[in-house]
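Reading through the structure tokens given below for one structure.
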Amino acid sequence: MTDLLIAPARESGCEDLDALVDVVQSAAEQQRSPVDDVLDSGAIDEELYLKGLADKAGMEWVGSIDEFTDVEPLRNACGPRVALAHRLLPMAFEGDENAQNLVLLTYDPLNLVARQSATQQIALPIIWKMASRRRIHEALRKLYGVGADTFEQILEGRDLDYDNLETSDEANIIDADEDEEASVVKFVNQIIREALNQSATDIHVEPLHDNLRIRYRIDGLLVDVTVPDNIKALQSSVIARLKIMSHLDIAERRLPQDGRINLQFEGAAIDVRVATVPTVEGESVSLRLLNQEKFTVSRLGMESFVLERIEQLLKLSNGIVLITGPTGSGKSTSLYSFLSEVNSPDTRIVTIEDPVENKLPGVMQIAVKSDIGLTFASGLRSILRADPNIVMIGEIRDLETAEIAIRASLTGHLVFSTLHTNDALGGISRLTDMGVEPFLVSASVRAFLAQRLVRRLCPSCKTPHDLTPLQRRELEIPDHITGQCYHAKGCDKCRNTGFKGRLAIYEVALITDPMQDLIVRGADNRELMEQAYKDGYVPMREYGWHKVLAGETTLEEVISVTSSELV
């Protein structure tokens with residue numbers, strides 16, 4: 001068996017065959033198939049290795065898996081317990097009605113337990129073929145849905161009492177033993193685990209008239225999650241489990257509630273913000289997944305001409321720096337990165353947020369609690385009596401908060417906060433619309449920073465293309481911005497979207513002395529914009545062209561988030 005497993009590795013160019021021999025022998029001593037251990041070692045290319053193993057084992061290799069056309073017949077022929085427990089994928093039927101065979105894909109031809117189980121529980125003759133582990137896992141998720149094996153056991157009548165929903169170690173909920181007794185607890189864990197595996201930022205559990213829809217937000221876009229049929233039967237149990245995890249009142253179904261869950265996933269701390277909303281079909285639950293990551297300005301990937309300005313602003317001893325943009329544009333990440341940059345033993349930083357999204361070491365963070373009178377304004381008054389050097393306000397929502405923030409900046413504090421506006425200079429009119437006097441805006445605000453998020457091109461499949469001189473003129477791309485454009489193609493590593501992750505694009509408007517004079521005399525937006533350009537302002541779309549021609553995103557992505565600039 002060792003020769004069978006090592007030969008494909010040798011032929012695929014593996015440089016550390018001795019390490020693989022040790023892996024194979026260790027698995028053999030424990031009387032289990034070593035294929036997973038070999039793949040997990042990272043010493044070989046999965047596709048090349050398994051293709052070579054298929055050749056050695058005399059099995060047909062399946063390079064790609066198409067969309068399923070006979071979903072129900074395939075599910076019926078091979079139930080989720082067999083398929084998901086042993087990672088076996090029913091792909092198609094071969095033969096006629098009188099002599100029909102089931103094509104079953106595996107990536108491990110040495111797993112005799114899986115073969116025996118399939119033979120015993122599948123009524124049809126089996127034709128065995130091989131495919132890559134990654135493709136089989138993805139296809140299983142699409143065919144059966146997240147948590148299908150657990151779901152099947154739940155519907156048999158076990159584990160539906162609410163007492164069982166409350167028993168788990170919250171700190172290790174995601175790392176629970178896969179072999180634990182099937183329950184709603186495990187089913188919900190699988191939904192969350194799959195979202196984290198796919199780098200989702202949000203999970204939405206939405207009750208519909210005849211179904212319970214689950215969607216993930218991945219790279220800013222909502223993606224429907226394949227779930228088992230008849231999941232509507234578990235709607236109340238799933239929602240109750242999520243509310244229990246969030247320490248919410250499961251008996252209260254008429255009012256919105258907010259909570260949070262602290263999880264561990266692959267050694268990393270995950271903070272989950274939970275919000276429930278009552279709808280006519282039942283409670284809808286939204287989960288925001290927040291990694292407790294290390295925030296640094298360098299990780300923001302700013303272009304040098306913006307980074308230089310940010311570094312200057314972070315050295316200020318007083319004034320207000322406002323970050324603008326819509327919900328979900330990455331403002332909080334930028335704020336936390338700025339605070340991490342200025343955090344030092346001789347600096348006292350105090351924040352007031354709604355809610356506290358991430359915990360920063362050495363920073364005093366306060367959560368707004370409106371129900372007991374702790375608002376941004378009241379909390380900010382107390383903060384200013386606590387001798388801070390730097391203050392961060394989660395959002396300036398009203399005149400009272402704005403005036404206190406201005407007072408703080410004028411008395412020697414550096415203040416960071418956010419506003420909801422479409423562009424950087426829009427922050428000026430937003431503050432004056434709140435009722436802030438123009439002279440106070442000019443005296444206190446040092447800069448407005450606007451940002452948006454665009455999807456990042458998948459490095460594995462992006463394809464180059466050239467821009468014609470006409471296209472450059474039509475898009476108003478300056479001559480000094482050069483580089484190679486790329487299209488999004490799509491591959492297995494990016495779920496065939498062509499994108500993997502997101503990045504921010506920015507614009508910074510400094511409030512210089514000439515700009516202050518314009519604000520005080522109530523200049524219109526055209527005059528403000530002309531002065532901003534004189535001060536070195538670079539519009540967000542132009543910033544985006546730098547990212548396009550650096551091969552990080554596409555023209556379409558930048559245009560989609562800066563379309564208002566065309567008006």
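Residues are named by chain letter and number: chains run A, B, ... in the order of the structure tokens, numbers start at 1 in each chain, and ligands are numbered from 1 in the order shown.
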
Q) Quick one: residues within 10 Å of segment 57-64 of chain A, only C-alpha atoms counted, chain neighbours fewer than 6 positions away excluded, as a PyMOL selection string? A) chain A and resi 4-5+47+50-51+105-107+109-110+127-132+135-136+492

**Q.** Near-Asn76 of chain A list (12 Å; only C-alpha atoms; drop same-chain fewer than 2 positions) as a ChimeraX atom specification
**A.** /A:70-74,78-83,90,102,121-124,143-144

Q.
as an MDAnalysis selection string, please: every residue in segment 78-141 of chain A that a backbone DSSP assignment puts in strand (DSSP E).
A. chainID A and resid 89:94 101:106 126:130

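The nearest approach to Ser298 of chain A among the residues A:Asp16, A:Ile270, A:Ser337, A:His480, with only C-alpha atoms taken into account, belongs to A:Ser337.
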
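Ranking A:Phe338, A:Met515, A:Met364, A:Leu419 by their shortest atom-to-atom distance to Lys534 of chain A, with only C-alpha atoms included, puts A:Met515 first.
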
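Compared by their closest atoms to Asp108 of chain A, and using only C-alpha atoms, the residues A:Ile65, A:Ala54, A:Leu414, A:Ala269 rank with A:Ala54 nearest.
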
I'd like the neighbourhood of Arg260 of chain A as a CSV table (one decimal) with C-alpha atoms, in the first residue's frame, where a residue qualifies if any of its atoms comes within 7 Å (using only C-alpha atoms), though same-chain residues fewer than 5 positions away should be ignored.
chain,number,residue,atom,x,y,z
A,246,SER,CA,-27.0,34.9,22.2
A,272,VAL,CA,-20.9,37.3,16.6
A,273,ARG,CA,-23.4,40.1,16.8
A,274,VAL,CA,-27.0,38.8,16.7

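Here atom CA of Glu283 of chain A stands at a distance of 23.1 Å from atom CA of Lys369 of chain A.
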
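Coordinates place atom CA of Ser563 of chain A at a distance of 12.2 Å from atom CA of Pro539 of chain A.
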
Q) Running DSSP on the backbone, which parts of segment 121-367 of chain A land in helix (DSSP H, G or I), as a ChimeraX atom specification? A) /A:121,133-144,148-154,162-165,170-172,184-197,231-245,297-300,304-314,331-342

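Remark: for Leu503 of chain A, the closest of the candidate residues A:Leu140, A:Val223, A:Val436, A:Val548 is A:Val548 (distances computed over only C-alpha atoms).
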
So that I can check the surroundings of Pro514 of chain A, please list as a PDB file with all heavy atoms, in the first residue's frame every protein, DNA and RNA residue that reaches within 10 Å of it, counting only C-alpha atoms and ignoring chain neighbours fewer than 5 positions away.
ATOM      1  N   ILE A 519     -15.845  77.449   3.999  1.00  0.00           N
ATOM      2  CA  ILE A 519     -16.906  76.860   4.834  1.00  0.00           C
ATOM      3  C   ILE A 519     -17.597  77.949   5.644  1.00  0.00           C
ATOM      4  O   ILE A 519     -18.835  77.984   5.741  1.00  0.00           O
ATOM      5  CB  ILE A 519     -16.312  75.783   5.766  1.00  0.00           C
ATOM      6  CG1 ILE A 519     -15.811  74.586   4.958  1.00  0.00           C
ATOM      7  CG2 ILE A 519     -17.374  75.305   6.768  1.00  0.00           C
ATOM      8  CD1 ILE A 519     -15.043  73.556   5.787  1.00  0.00           C
ATOM      9  N   LEU A 528     -16.072  74.456  -3.079  1.00  0.00           N
ATOM     10  CA  LEU A 528     -15.372  73.572  -2.147  1.00  0.00           C
ATOM     11  C   LEU A 528     -14.553  72.525  -2.891  1.00  0.00           C
ATOM     12  O   LEU A 528     -13.411  72.231  -2.529  1.00  0.00           O
ATOM     13  CB  LEU A 528     -16.375  72.889  -1.213  1.00  0.00           C
ATOM     14  CG  LEU A 528     -17.124  73.779  -0.223  1.00  0.00           C
ATOM     15  CD1 LEU A 528     -18.220  72.990   0.478  1.00  0.00           C
ATOM     16  CD2 LEU A 528     -16.165  74.375   0.810  1.00  0.00           C
ATOM     17  N   GLN A 531     -11.380  73.995  -4.466  1.00  0.00           N
ATOM     18  CA  GLN A 531     -10.325  74.203  -3.477  1.00  0.00           C
ATOM     19  C   GLN A 531      -9.719  72.866  -3.034  1.00  0.00           C
ATOM     20  O   GLN A 531      -8.510  72.766  -2.822  1.00  0.00           O
ATOM     21  CB  GLN A 531     -10.883  74.941  -2.264  1.00  0.00           C
ATOM     22  CG  GLN A 531      -9.842  75.257  -1.210  1.00  0.00           C
ATOM     23  CD  GLN A 531      -8.710  76.107  -1.746  1.00  0.00           C
ATOM     24  OE1 GLN A 531      -8.936  77.131  -2.391  1.00  0.00           O
ATOM     25  NE2 GLN A 531      -7.468  75.694  -1.525  1.00  0.00           N
ATOM     26  N   ALA A 532     -10.572  71.841  -2.909  1.00  0.00           N
ATOM     27  CA  ALA A 532     -10.068  70.527  -2.511  1.00  0.00           C
ATOM     28  C   ALA A 532      -9.031  70.014  -3.513  1.00  0.00           C
ATOM     29  O   ALA A 532      -7.994  69.467  -3.133  1.00  0.00           O
ATOM     30  CB  ALA A 532     -11.223  69.541  -2.383  1.00  0.00           C
ATOM     31  N   LYS A 534      -7.135  71.848  -5.394  1.00  0.00           N
ATOM     32  CA  LYS A 534      -5.918  72.637  -5.208  1.00  0.00           C
ATOM     33  C   LYS A 534      -5.107  72.116  -4.019  1.00  0.00           C
ATOM     34  O   LYS A 534      -3.882  72.217  -3.997  1.00  0.00           O
ATOM     35  CB  LYS A 534      -6.288  74.103  -4.973  1.00  0.00           C
ATOM     36  CG  LYS A 534      -6.867  74.806  -6.193  1.00  0.00           C
ATOM     37  CD  LYS A 534      -7.260  76.238  -5.862  1.00  0.00           C
ATOM     38  CE  LYS A 534      -7.908  76.921  -7.053  1.00  0.00           C
ATOM     39  NZ  LYS A 534      -8.350  78.300  -6.732  1.00  0.00           N
ATOM     40  N   ASP A 535      -5.833  71.556  -3.035  1.00  0.00           N
ATOM     41  CA  ASP A 535      -5.165  71.021  -1.839  1.00  0.00           C
ATOM     42  C   ASP A 535      -4.669  69.590  -2.027  1.00  0.00           C
ATOM     43  O   ASP A 535      -4.206  68.966  -1.065  1.00  0.00           O
ATOM     44  CB  ASP A 535      -6.124  71.065  -0.648  1.00  0.00           C
ATOM     45  CG  ASP A 535      -6.494  72.487  -0.240  1.00  0.00           C
ATOM     46  OD1 ASP A 535      -5.685  73.394  -0.491  1.00  0.00           O
ATOM     47  OD2 ASP A 535      -7.610  72.681   0.309  1.00  0.00           O
TER      48      ASP A 535
END

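Among A:Tyr537, A:Phe305, A:Phe376, A:Tyr506, the residue with the shortest atom-to-atom distance to Glu395 of chain A, counting only C-alpha atoms, is A:Phe376.
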
Q.
I'd like the neighbourhood of Asp210 of chain A as JSON, numbers by chain, where a residue qualifies if any of its atoms comes within 10 Å (using only C-alpha atoms), though same-chain residues fewer than 6 positions away should be ignored.
A. {"A": [230, 231, 232, 233, 281]}

Those same residues - all heavy atoms - I'd like them written as a PDB file, in the first residue's frame.
ATOM      1  N   ASN A 230     -37.603  20.507   3.666  1.00  0.00           N
ATOM      2  CA  ASN A 230     -38.434  20.440   4.877  1.00  0.00           C
ATOM      3  C   ASN A 230     -37.785  21.085   6.094  1.00  0.00           C
ATOM      4  O   ASN A 230     -38.140  20.790   7.229  1.00  0.00           O
ATOM      5  CB  ASN A 230     -38.796  18.991   5.225  1.00  0.00           C
ATOM      6  CG  ASN A 230     -39.525  18.292   4.091  1.00  0.00           C
ATOM      7  OD1 ASN A 230     -40.386  18.904   3.448  1.00  0.00           O
ATOM      8  ND2 ASN A 230     -39.177  17.050   3.830  1.00  0.00           N
ATOM      9  N   ILE A 231     -36.823  21.959   5.874  1.00  0.00           N
ATOM     10  CA  ILE A 231     -36.173  22.615   7.012  1.00  0.00           C
ATOM     11  C   ILE A 231     -37.153  23.521   7.760  1.00  0.00           C
ATOM     12  O   ILE A 231     -36.940  23.869   8.910  1.00  0.00           O
ATOM     13  CB  ILE A 231     -34.937  23.426   6.544  1.00  0.00           C
ATOM     14  CG1 ILE A 231     -34.097  23.842   7.764  1.00  0.00           C
ATOM     15  CG2 ILE A 231     -35.345  24.640   5.730  1.00  0.00           C
ATOM     16  CD1 ILE A 231     -32.815  24.550   7.425  1.00  0.00           C
ATOM     17  N   LYS A 232     -38.254  23.877   7.083  1.00  0.00           N
ATOM     18  CA  LYS A 232     -39.273  24.710   7.736  1.00  0.00           C
ATOM     19  C   LYS A 232     -39.761  24.059   9.033  1.00  0.00           C
ATOM     20  O   LYS A 232     -40.131  24.755   9.987  1.00  0.00           O
ATOM     21  CB  LYS A 232     -40.447  24.917   6.777  1.00  0.00           C
ATOM     22  CG  LYS A 232     -41.564  25.823   7.291  1.00  0.00           C
ATOM     23  CD  LYS A 232     -41.145  27.278   7.309  1.00  0.00           C
ATOM     24  CE  LYS A 232     -42.321  28.183   7.671  1.00  0.00           C
ATOM     25  NZ  LYS A 232     -41.931  29.597   7.724  1.00  0.00           N
ATOM     26  N   ALA A 233     -39.719  22.736   9.085  1.00  0.00           N
ATOM     27  CA  ALA A 233     -40.186  22.028  10.288  1.00  0.00           C
ATOM     28  C   ALA A 233     -39.330  22.352  11.507  1.00  0.00           C
ATOM     29  O   ALA A 233     -39.773  22.197  12.641  1.00  0.00           O
ATOM     30  CB  ALA A 233     -40.182  20.519  10.028  1.00  0.00           C
ATOM     31  N   GLU A 281     -43.924  35.999   9.175  1.00  0.00           N
ATOM     32  CA  GLU A 281     -43.711  34.560   9.062  1.00  0.00           C
ATOM     33  C   GLU A 281     -42.894  33.995  10.216  1.00  0.00           C
ATOM     34  O   GLU A 281     -42.558  32.825  10.224  1.00  0.00           O
ATOM     35  CB  GLU A 281     -43.001  34.232   7.733  1.00  0.00           C
ATOM     36  CG  GLU A 281     -43.765  34.635   6.488  1.00  0.00           C
ATOM     37  CD  GLU A 281     -45.065  33.874   6.309  1.00  0.00           C
ATOM     38  OE1 GLU A 281     -45.254  32.847   6.998  1.00  0.00           O
ATOM     39  OE2 GLU A 281     -45.900  34.298   5.502  1.00  0.00           O
TER      40      GLU A 281
END

(Q) Residues near Ala424 of chain A, anyone? I mean within 8 Å using only C-alpha atoms, not counting same-chain ones fewer than 4 positions away, as a PyMOL selection string. (A) chain A and resi 323-324+448-450+507-509

Can those selected residues be exported to a file as a PDB file, in the first residue's frame so that it contains N, CA and C atoms?
ATOM      1  N   ILE A 323     -14.761  59.822   9.238  1.00  0.00           N
ATOM      2  CA  ILE A 323     -14.795  58.824   8.168  1.00  0.00           C
ATOM      3  C   ILE A 323     -16.238  58.705   7.693  1.00  0.00           C
ATOM      4  N   THR A 324     -16.457  58.850   6.405  1.00  0.00           N
ATOM      5  CA  THR A 324     -17.811  58.842   5.858  1.00  0.00           C
ATOM      6  C   THR A 324     -18.009  57.665   4.910  1.00  0.00           C
ATOM      7  N   PHE A 448     -11.979  64.987   6.177  1.00  0.00           N
ATOM      8  CA  PHE A 448     -13.037  64.015   5.912  1.00  0.00           C
ATOM      9  C   PHE A 448     -12.439  62.910   5.045  1.00  0.00           C
ATOM     10  N   LEU A 449     -12.634  61.671   5.470  1.00  0.00           N
ATOM     11  CA  LEU A 449     -12.152  60.515   4.716  1.00  0.00           C
ATOM     12  C   LEU A 449     -13.364  59.693   4.290  1.00  0.00           C
ATOM     13  N   ALA A 450     -13.565  59.526   2.985  1.00  0.00           N
ATOM     14  CA  ALA A 450     -14.660  58.695   2.477  1.00  0.00           C
ATOM     15  C   ALA A 450     -14.096  57.387   1.969  1.00  0.00           C
ATOM     16  N   GLU A 507     -11.031  58.455  -0.521  1.00  0.00           N
ATOM     17  CA  GLU A 507     -10.729  59.827  -0.905  1.00  0.00           C
ATOM     18  C   GLU A 507     -10.616  60.640   0.383  1.00  0.00           C
ATOM     19  N   VAL A 508      -9.662  61.587   0.409  1.00  0.00           N
ATOM     20  CA  VAL A 508      -9.410  62.391   1.602  1.00  0.00           C
ATOM     21  C   VAL A 508      -9.507  63.863   1.240  1.00  0.00           C
ATOM     22  N   ALA A 509     -10.338  64.578   1.983  1.00  0.00           N
ATOM     23  CA  ALA A 509     -10.446  66.034   1.810  1.00  0.00           C
ATOM     24  C   ALA A 509      -9.936  66.709   3.076  1.00  0.00           C
TER      25      ALA A 509
END

Q. Which residue, A:Thr432, A:Val184, A:Phe265, A:Asp271, has the smallest gap to Gln235 of chain A when you use only C-alpha atoms?
A. A:Val184
